[in-house]
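Trainee: This is query.cif, which holds mmCIF, C-alpha atoms:
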```
data_final
loop_
_atom_site.group_PDB
_atom_site.id
_atom_site.type_symbol
_atom_site.label_atom_id
_atom_site.label_comp_id
_atom_site.auth_asym_id
_atom_site.auth_seq_id
_atom_site.Cartn_x
_atom_site.Cartn_y
_atom_site.Cartn_z
ATOM 1 C CA MET A 1 -35.102 9.816 -153.070
ATOM 2 C CA ALA A 2 -34.259 10.187 -149.401
ATOM 3 C CA THR A 3 -33.282 7.132 -147.400
ATOM 4 C CA LEU A 4 -35.467 6.039 -144.518
ATOM 5 C CA ASN A 5 -33.145 7.616 -141.977
ATOM 6 C CA SER A 6 -33.566 11.016 -143.645
ATOM 7 C CA ARG A 7 -35.314 13.725 -141.690
ATOM 8 C CA PHE A 8 -37.132 14.581 -144.927
ATOM 9 C CA TRP A 9 -39.730 11.911 -144.119
ATOM 10 C CA GLY A 10 -40.937 14.050 -141.218
ATOM 11 C CA PHE A 11 -42.730 16.256 -143.728
ATOM 12 C CA VAL A 12 -45.022 13.410 -144.819
ATOM 13 C CA PRO A 13 -47.028 13.001 -141.566
ATOM 14 C CA LEU A 14 -46.953 16.782 -141.173
ATOM 15 C CA VAL A 15 -48.709 17.118 -144.549
ATOM 16 C CA PHE A 16 -51.185 14.398 -143.537
ATOM 17 C CA PHE A 17 -51.963 16.297 -140.329
ATOM 18 C CA GLY A 18 -52.370 19.479 -142.356
ATOM 19 C CA LEU A 19 -54.904 17.755 -144.610
ATOM 20 C CA LYS A 20 -56.882 16.569 -141.570
ATOM 21 C CA ALA A 21 -56.704 20.085 -140.096
ATOM 22 C CA TRP A 22 -58.173 21.394 -143.344
ATOM 23 C CA GLN A 23 -60.874 18.683 -143.228
ATOM 24 C CA TYR A 24 -61.773 19.687 -139.652
ATOM 25 C CA ARG A 25 -61.462 23.441 -140.208
ATOM 26 C CA SER A 26 -65.022 24.112 -139.017
ATOM 27 C CA PRO A 27 -64.938 25.319 -135.393
ATOM 28 C CA ALA A 28 -67.340 22.530 -134.411
ATOM 29 C CA ASP A 29 -64.950 19.922 -135.860
ATOM 30 C CA VAL A 30 -61.668 21.186 -134.361
ATOM 31 C CA PRO A 31 -61.836 18.705 -131.429
ATOM 32 C CA GLN A 32 -61.605 15.910 -134.029
ATOM 33 C CA LEU A 33 -57.936 16.840 -134.429
ATOM 34 C CA LEU A 34 -57.272 15.274 -131.016
ATOM 35 C CA TRP A 35 -57.988 11.718 -132.202
ATOM 36 C CA PHE A 36 -55.003 9.402 -131.582
ATOM 37 C CA CYS A 37 -54.271 9.195 -135.287
ATOM 38 C CA ASN A 38 -54.175 12.940 -135.868
ATOM 39 C CA VAL A 39 -52.086 13.738 -132.806
ATOM 40 C CA SER A 40 -49.777 10.828 -133.607
ATOM 41 C CA ASN A 41 -49.177 12.227 -137.099
ATOM 42 C CA ILE A 42 -47.959 15.538 -135.729
ATOM 43 C CA ILE A 43 -45.870 13.804 -133.034
ATOM 44 C CA LEU A 44 -44.488 11.378 -135.647
ATOM 45 C CA SER A 45 -43.405 14.322 -137.738
ATOM 46 C CA VAL A 46 -41.439 15.759 -134.804
ATOM 47 C CA ALA A 47 -40.031 12.326 -133.919
ATOM 48 C CA ILE A 48 -38.733 11.800 -137.449
ATOM 49 C CA PHE A 49 -37.297 15.320 -137.707
ATOM 50 C CA TRP A 50 -35.479 14.860 -134.388
ATOM 51 C CA GLN A 51 -34.799 11.130 -134.955
ATOM 52 C CA ILE A 52 -36.398 10.179 -131.625
ATOM 53 C CA ARG A 53 -36.468 6.475 -132.349
ATOM 54 C CA ASN A 54 -38.723 5.293 -129.513
ATOM 55 C CA LEU A 55 -41.252 7.994 -130.310
ATOM 56 C CA VAL A 56 -41.322 6.946 -133.972
ATOM 57 C CA PHE A 57 -42.184 3.396 -132.875
ATOM 58 C CA ILE A 58 -44.774 4.636 -130.368
ATOM 59 C CA CYS A 59 -46.558 6.623 -133.071
ATOM 60 C CA ALA A 60 -46.354 3.657 -135.459
ATOM 61 C CA VAL A 61 -48.145 1.462 -132.918
ATOM 62 C CA LEU A 62 -50.868 4.014 -132.156
ATOM 63 C CA LEU A 63 -51.425 4.777 -135.827
ATOM 64 C CA SER A 64 -51.664 1.095 -136.715
ATOM 65 C CA ILE A 65 -54.166 0.168 -133.994
ATOM 66 C CA GLY A 66 -56.502 2.744 -135.465
ATOM 67 C CA LEU A 67 -56.592 1.067 -138.884
ATOM 68 C CA PRO A 68 -59.052 -1.754 -138.151
ATOM 69 C CA ILE A 69 -61.255 0.571 -136.111
ATOM 70 C CA TRP A 70 -61.304 3.116 -138.940
ATOM 71 C CA ILE A 71 -62.135 0.433 -141.526
ATOM 72 C CA PHE A 72 -64.963 -0.866 -139.343
ATOM 73 C CA ASP A 73 -66.231 2.637 -138.665
ATOM 74 C CA PHE A 74 -66.396 3.774 -142.273
ATOM 75 C CA SER A 75 -67.871 0.412 -143.311
ATOM 76 C CA VAL A 76 -70.687 0.785 -140.786
ATOM 77 C CA ASN A 77 -71.209 4.544 -140.892
ATOM 78 C CA GLY A 78 -70.142 5.263 -144.466
ATOM 79 C CA ASP A 79 -68.049 8.236 -143.351
ATOM 80 C CA PHE A 80 -65.117 7.878 -145.762
ATOM 81 C CA HIS A 81 -62.635 10.627 -146.528
ATOM 82 C CA ILE A 82 -59.517 10.162 -148.669
ATOM 83 C CA PHE A 83 -57.378 12.024 -146.121
ATOM 84 C CA SER A 84 -58.122 9.229 -143.661
ATOM 85 C CA VAL A 85 -56.396 6.754 -145.974
ATOM 86 C CA PHE A 86 -53.207 8.794 -145.638
ATOM 87 C CA THR A 87 -53.550 8.880 -141.868
ATOM 88 C CA HIS A 88 -54.583 5.252 -141.289
ATOM 89 C CA VAL A 89 -52.634 3.431 -143.988
ATOM 90 C CA LEU A 90 -49.680 5.472 -145.228
ATOM 91 C CA SER A 91 -48.637 7.024 -141.894
ATOM 92 C CA PRO A 92 -48.334 3.744 -139.965
ATOM 93 C CA LEU A 93 -46.520 2.158 -142.905
ATOM 94 C CA LEU A 94 -44.046 5.032 -143.060
ATOM 95 C CA ALA A 95 -43.714 5.057 -139.272
ATOM 96 C CA PHE A 96 -42.894 1.351 -139.075
ATOM 97 C CA LEU A 97 -40.397 1.607 -141.953
ATOM 98 C CA VAL A 98 -38.620 4.541 -140.311
ATOM 99 C CA ALA A 99 -38.814 2.893 -136.867
ATOM 100 C CA ARG A 100 -37.352 -0.329 -138.251
ATOM 101 C CA ASN A 101 -34.527 1.654 -139.803
ATOM 102 C CA LEU A 102 -33.797 3.642 -136.615
ATOM 103 C CA SER A 103 -34.580 0.781 -134.211
ATOM 104 C CA TRP A 104 -35.928 1.428 -130.690
ATOM 105 C CA THR A 105 -35.366 0.326 -127.121
ATOM 106 C CA LEU A 106 -37.243 -2.008 -124.814
ATOM 107 C CA HIS A 107 -38.620 1.063 -123.019
ATOM 108 C CA VAL A 108 -41.348 1.320 -125.668
ATOM 109 C CA LEU A 109 -43.158 -1.464 -123.827
ATOM 110 C CA TRP A 110 -44.093 0.974 -121.059
ATOM 111 C CA GLN A 111 -43.901 4.180 -123.136
ATOM 112 C CA VAL A 112 -46.666 3.178 -125.573
ATOM 113 C CA PRO A 113 -49.335 2.738 -122.873
ATOM 114 C CA VAL A 114 -48.234 5.960 -121.161
ATOM 115 C CA TYR A 115 -48.613 7.832 -124.465
ATOM 116 C CA TYR A 116 -52.039 6.215 -124.984
ATOM 117 C CA VAL A 117 -53.279 7.201 -121.528
ATOM 118 C CA CYS A 118 -51.927 10.744 -121.928
ATOM 119 C CA LEU A 119 -53.861 11.142 -125.181
ATOM 120 C CA GLN A 120 -57.017 9.863 -123.504
ATOM 121 C CA VAL A 121 -56.613 12.283 -120.597
ATOM 122 C CA LEU A 122 -55.936 15.139 -123.021
ATOM 123 C CA ALA A 123 -59.096 14.259 -124.958
ATOM 124 C CA ARG A 124 -61.078 14.045 -121.727
ATOM 125 C CA ILE A 125 -59.916 17.516 -120.693
ATOM 126 C CA LEU A 126 -60.135 19.297 -124.053
ATOM 127 C CA THR A 127 -62.987 17.719 -126.004
ATOM 128 C CA PRO A 128 -66.753 17.441 -125.552
ATOM 129 C CA ALA A 129 -67.963 14.141 -124.093
ATOM 130 C CA GLU A 130 -70.497 13.592 -126.871
ATOM 131 C CA LEU A 131 -67.679 13.242 -129.430
ATOM 132 C CA ASN A 132 -66.003 10.514 -127.327
ATOM 133 C CA ILE A 133 -62.604 11.376 -128.799
ATOM 134 C CA ASN A 134 -60.161 8.509 -128.142
ATOM 135 C CA VAL A 135 -62.959 6.651 -126.332
ATOM 136 C CA ALA A 136 -62.087 8.800 -123.347
ATOM 137 C CA PHE A 137 -65.669 9.115 -122.105
ATOM 138 C CA ALA A 138 -67.614 6.015 -123.079
ATOM 139 C CA VAL A 139 -67.391 2.567 -124.611
ATOM 140 C CA TYR A 140 -67.173 2.582 -128.418
ATOM 141 C CA ALA A 141 -70.859 2.298 -129.378
ATOM 142 C CA PRO A 142 -70.670 -0.807 -131.639
ATOM 143 C CA VAL A 143 -69.157 -2.898 -128.806
ATOM 144 C CA LYS A 144 -71.172 -1.474 -125.925
ATOM 145 C CA ILE A 145 -73.158 -4.702 -125.602
ATOM 146 C CA LEU A 146 -69.887 -6.567 -124.907
ATOM 147 C CA PHE A 147 -68.562 -4.001 -122.435
ATOM 148 C CA PRO A 148 -71.270 -2.458 -120.263
ATOM 149 C CA ASN A 149 -68.626 -0.990 -117.932
ATOM 150 C CA PHE A 150 -66.419 1.847 -119.252
ATOM 151 C CA TRP A 151 -63.495 1.169 -116.910
ATOM 152 C CA PHE A 152 -63.415 -2.535 -117.760
ATOM 153 C CA TYR A 153 -63.539 -1.613 -121.458
ATOM 154 C CA SER A 154 -60.656 0.823 -120.967
ATOM 155 C CA ALA A 155 -58.619 -1.822 -119.145
ATOM 156 C CA VAL A 156 -59.238 -4.344 -121.941
ATOM 157 C CA ASN A 157 -58.122 -1.750 -124.508
ATOM 158 C CA LEU A 158 -54.966 -1.077 -122.524
ATOM 159 C CA VAL A 159 -54.149 -4.786 -122.199
ATOM 160 C CA GLY A 160 -54.782 -5.245 -125.927
ATOM 161 C CA LEU A 161 -52.455 -2.330 -126.655
ATOM 162 C CA LEU A 162 -49.763 -3.839 -124.418
ATOM 163 C CA LEU A 163 -50.047 -7.203 -126.174
ATOM 164 C CA PHE A 164 -49.952 -5.615 -129.624
ATOM 165 C CA THR A 165 -46.947 -3.499 -128.616
ATOM 166 C CA ALA A 166 -45.065 -6.534 -127.286
ATOM 167 C CA PHE A 167 -45.914 -8.553 -130.394
ATOM 168 C CA THR A 168 -44.894 -5.745 -132.750
ATOM 169 C CA HIS A 169 -41.709 -5.128 -130.810
ATOM 170 C CA ARG A 170 -40.787 -8.802 -130.963
ATOM 171 C CA VAL A 171 -41.568 -9.232 -134.668
ATOM 172 C CA LEU A 172 -40.088 -5.992 -136.018
ATOM 173 C CA HIS A 173 -37.229 -5.153 -133.691
ATOM 174 C CA ARG A 174 -33.701 -5.572 -134.838
ATOM 175 C CA ASN A 175 -30.522 -4.689 -133.066
ATOM 176 C CA PRO A 176 -29.126 -1.297 -134.048
ATOM 177 C CA ARG A 177 -26.038 -1.318 -136.234
#
```
Render the structure in this file as structure tokens.

Mentor:
Amino acid sequence: MATLNSRFWGFVPLVFFGLKAWQYRSPADVPQLLWFCNVSNIILSVAIFWQIRNLVFICAVLLSIGLPIWIFDFSVNGDFHIFSVFTHVLSPLLAFLVARNLSWTLHVLWQVPVYYVCLQVLARILTPAELNINVAFAVYAPVKILFPNFWFYSAVNLVGLLLFTAFTHRVLHRNPR
């Protein structure tokens, strides 16, 4: 079995992305591939292949913040697909294990929110508003009563992401060998 610093592990998120691409193969569903989790799987694959340690951590954070949202969403809407387990559970676990092995720099504290905003802008440009990919157009419907203003909601999400990134960095970071 390959060690965690092996580039072999880059194939795992690539396969997970491939499964989601197959799930969303209908032309009407193709925009679904631009969700944070799907894009982060393909980027994670590249980051592991090229051993880009900060990018591995960045993808780990974005993949992990999607887990509670995904659990809530399928609990409420009943839209469960086994491929989503790979994306929302196995990918962040792999990403954090590889990131912990490679380590990362303090720059991730600003790089994670930049990545997040870039994915939102990309979704806003390339996807239909009614899909609300990456909550780039509107407040997530189940919390709309708490956040009547989209820009305030977006700012709260960004602050939450920053806090989670700082916490994760502090708890998991170790000095490189």

Trainee: Given the file shown, determine the residues that the PyMOL selection byres ((chain A and resi 30) around 12) selects; report them as a list in words.

Mentor: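 Selected by the PyMOL selection byres ((chain A and resi 30) around 12) in this file: Lys20, Ala21, Trp22, Gln23, Tyr24, Arg25, Ser26, Pro27, Ala28, Asp29, Pro31, Gln32, Leu33, Leu34, Trp35, Asn38, Ala123, Leu126, Thr127, Pro128, Leu131 and Ile133 of chain A.
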
Trainee: Choose the residue, out of A:Ile48, A:Ala136, A:Leu161, A:Val89, that has the smallest atom-to-atom separation from Pro68 (chain A); count only C-alpha atoms.

Mentor: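 Of A:Ile48, A:Ala136, A:Leu161, A:Val89, the one nearest Pro68 (chain A), counting only C-alpha atoms, is A:Val89.
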
Trainee: Which one is closest to Trp110 (chain A): A:Leu62, A:Leu90, A:Leu162, A:Ile145? Count all atoms listed in the file.

Mentor: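 Ranked by minimum distance to Trp110 (chain A), first place goes to A:Leu162.
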
Trainee: Quick one: residues within 9 Å of (-71.9, 5.8, -117.9) (file frame), counting all atoms listed in the file, please, as a count of residues only.

Mentor: 6

Trainee: To one decimal place, how far is CA of Asn77 (chain A) from CA of Val159 (chain A) in Å?

Mentor: 27.0 Å

Trainee: Given only C-alpha atoms, how would the per-residue table for region 45-79 of chain A near region 85-88 of chain A read, listing every residue at most 10 Å away with its closest atom pair and distance in Å to one decimal, sorted by chain and number, as a tab-separated table?

Mentor:
```
residue	atom	partner	partner_atom	distance
A:Leu62	CA	A:His88	CA	9.9
A:Leu63	CA	A:His88	CA	6.3
A:Ser64	CA	A:His88	CA	6.8
A:Ile65	CA	A:His88	CA	8.9
A:Gly66	CA	A:His88	CA	6.6
A:Leu67	CA	A:His88	CA	5.2
A:Pro68	CA	A:His88	CA	8.9
A:Ile69	CA	A:His88	CA	9.7
A:Trp70	CA	A:His88	CA	7.4
A:Ile71	CA	A:His88	CA	9.0
```

Trainee: When you count all atoms listed in the file, which of these residues is closest to Ala99 (chain A): A:Gln51, A:Ser154, A:Ser84, A:Gln120?

Mentor: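 Looking at the shortest contact to Ala99 (chain A), the residue is A:Gln51.
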
Trainee: Given the PyMOL selection byres ((chain A and resi 5) around 7) and the file above, list the residues it selects as a list in words.

Mentor: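 With the shown file as input, the PyMOL selection byres ((chain A and resi 5) around 7) matches Thr3, Leu4, Ser6, Arg7, Val98, Asn101 and Leu102 of chain A.
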
Trainee: Mind telling me what the PyMOL selection byres ((chain A and resi 115) around 10) catches here, as a count of residues only?

Mentor: 18

Trainee: In Å, rounded to a single decimal, give me how far CA of Lys144 (chain A) is from CA of Leu109 (chain A).

Mentor: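 Taking CA of Leu109 (chain A) as the start and CA of Lys144 (chain A) as the end point, the length is 28.1 Å.
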
Trainee: As an exercise, work out the distance from CA of Val76 (chain A) to CA of Cys37 (chain A) in Å and give it to one decimal place.

Mentor: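 Between CA of Val76 (chain A) and CA of Cys37 (chain A) the gap is 19.2 Å.
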
Trainee: Quick one: everything within 10 Å of Leu97 (chain A), counting all atoms listed in the file, minus sequence neighbours fewer than 3 positions away in the same chain. Send it as an NGL selection string.

Mentor: :A and (4-5 or 56-57 or 60 or 91-94 or 100-103 or 172)

Trainee: Would you mind completing region 153-175 of chain A so that it carries N, CA and C atoms, and writing it out as a PDB file, keeping the file's coordinate frame?

Mentor:
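Ended up saving to part_5.pdb:
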```pdb
ATOM      1  N   TYR A 153     -63.822  -1.801-120.032  1.00  0.00           N
ATOM      2  CA  TYR A 153     -63.539  -1.613-121.458  1.00  0.00           C
ATOM      3  C   TYR A 153     -62.180  -0.932-121.644  1.00  0.00           C
ATOM      4  N   SER A 154     -61.934   0.105-120.870  1.00  0.00           N
ATOM      5  CA  SER A 154     -60.656   0.823-120.967  1.00  0.00           C
ATOM      6  C   SER A 154     -59.489  -0.080-120.594  1.00  0.00           C
ATOM      7  N   ALA A 155     -59.674  -0.898-119.560  1.00  0.00           N
ATOM      8  CA  ALA A 155     -58.619  -1.822-119.145  1.00  0.00           C
ATOM      9  C   ALA A 155     -58.348  -2.867-120.232  1.00  0.00           C
ATOM     10  N   VAL A 156     -59.407  -3.369-120.853  1.00  0.00           N
ATOM     11  CA  VAL A 156     -59.238  -4.344-121.941  1.00  0.00           C
ATOM     12  C   VAL A 156     -58.492  -3.702-123.110  1.00  0.00           C
ATOM     13  N   ASN A 157     -58.833  -2.463-123.444  1.00  0.00           N
ATOM     14  CA  ASN A 157     -58.122  -1.750-124.508  1.00  0.00           C
ATOM     15  C   ASN A 157     -56.643  -1.601-124.175  1.00  0.00           C
ATOM     16  N   LEU A 158     -56.356  -1.260-122.939  1.00  0.00           N
ATOM     17  CA  LEU A 158     -54.966  -1.077-122.524  1.00  0.00           C
ATOM     18  C   LEU A 158     -54.192  -2.390-122.581  1.00  0.00           C
ATOM     19  N   VAL A 159     -54.797  -3.468-122.127  1.00  0.00           N
ATOM     20  CA  VAL A 159     -54.149  -4.786-122.199  1.00  0.00           C
ATOM     21  C   VAL A 159     -53.929  -5.183-123.665  1.00  0.00           C
ATOM     22  N   GLY A 160     -54.928  -4.952-124.501  1.00  0.00           N
ATOM     23  CA  GLY A 160     -54.782  -5.245-125.927  1.00  0.00           C
ATOM     24  C   GLY A 160     -53.648  -4.447-126.544  1.00  0.00           C
ATOM     25  N   LEU A 161     -53.539  -3.176-126.165  1.00  0.00           N
ATOM     26  CA  LEU A 161     -52.455  -2.330-126.655  1.00  0.00           C
ATOM     27  C   LEU A 161     -51.101  -2.869-126.201  1.00  0.00           C
ATOM     28  N   LEU A 162     -51.015  -3.271-124.931  1.00  0.00           N
ATOM     29  CA  LEU A 162     -49.763  -3.839-124.418  1.00  0.00           C
ATOM     30  C   LEU A 162     -49.368  -5.099-125.184  1.00  0.00           C
ATOM     31  N   LEU A 163     -50.331  -5.971-125.434  1.00  0.00           N
ATOM     32  CA  LEU A 163     -50.047  -7.203-126.174  1.00  0.00           C
ATOM     33  C   LEU A 163     -49.618  -6.910-127.607  1.00  0.00           C
ATOM     34  N   PHE A 164     -50.319  -5.983-128.256  1.00  0.00           N
ATOM     35  CA  PHE A 164     -49.952  -5.615-129.624  1.00  0.00           C
ATOM     36  C   PHE A 164     -48.566  -4.977-129.660  1.00  0.00           C
ATOM     37  N   THR A 165     -48.263  -4.139-128.686  1.00  0.00           N
ATOM     38  CA  THR A 165     -46.947  -3.499-128.616  1.00  0.00           C
ATOM     39  C   THR A 165     -45.857  -4.544-128.440  1.00  0.00           C
ATOM     40  N   ALA A 166     -46.063  -5.479-127.521  1.00  0.00           N
ATOM     41  CA  ALA A 166     -45.065  -6.534-127.286  1.00  0.00           C
ATOM     42  C   ALA A 166     -44.880  -7.392-128.534  1.00  0.00           C
ATOM     43  N   PHE A 167     -45.982  -7.746-129.183  1.00  0.00           N
ATOM     44  CA  PHE A 167     -45.914  -8.553-130.394  1.00  0.00           C
ATOM     45  C   PHE A 167     -45.154  -7.807-131.496  1.00  0.00           C
ATOM     46  N   THR A 168     -45.533  -6.549-131.705  1.00  0.00           N
ATOM     47  CA  THR A 168     -44.894  -5.745-132.750  1.00  0.00           C
ATOM     48  C   THR A 168     -43.415  -5.549-132.459  1.00  0.00           C
ATOM     49  N   HIS A 169     -43.110  -5.288-131.204  1.00  0.00           N
ATOM     50  CA  HIS A 169     -41.709  -5.128-130.810  1.00  0.00           C
ATOM     51  C   HIS A 169     -40.925  -6.401-131.128  1.00  0.00           C
ATOM     52  N   ARG A 170     -41.475  -7.523-130.759  1.00  0.00           N
ATOM     53  CA  ARG A 170     -40.787  -8.802-130.963  1.00  0.00           C
ATOM     54  C   ARG A 170     -40.602  -9.131-132.450  1.00  0.00           C
ATOM     55  N   VAL A 171     -41.615  -8.879-133.253  1.00  0.00           N
ATOM     56  CA  VAL A 171     -41.568  -9.232-134.668  1.00  0.00           C
ATOM     57  C   VAL A 171     -40.687  -8.269-135.477  1.00  0.00           C
ATOM     58  N   LEU A 172     -40.765  -6.979-135.178  1.00  0.00           N
ATOM     59  CA  LEU A 172     -40.088  -5.992-136.018  1.00  0.00           C
ATOM     60  C   LEU A 172     -38.738  -5.512-135.512  1.00  0.00           C
ATOM     61  N   HIS A 173     -38.447  -5.723-134.243  1.00  0.00           N
ATOM     62  CA  HIS A 173     -37.229  -5.153-133.691  1.00  0.00           C
ATOM     63  C   HIS A 173     -35.987  -5.849-134.238  1.00  0.00           C
ATOM     64  N   ARG A 174     -35.012  -5.051-134.479  1.00  0.00           N
ATOM     65  CA  ARG A 174     -33.701  -5.572-134.838  1.00  0.00           C
ATOM     66  C   ARG A 174     -32.678  -4.782-134.056  1.00  0.00           C
ATOM     67  N   ASN A 175     -31.559  -5.387-133.814  1.00  0.00           N
ATOM     68  CA  ASN A 175     -30.522  -4.689-133.066  1.00  0.00           C
ATOM     69  C   ASN A 175     -29.950  -3.565-133.906  1.00  0.00           C
TER      70      ASN A 175
END
```
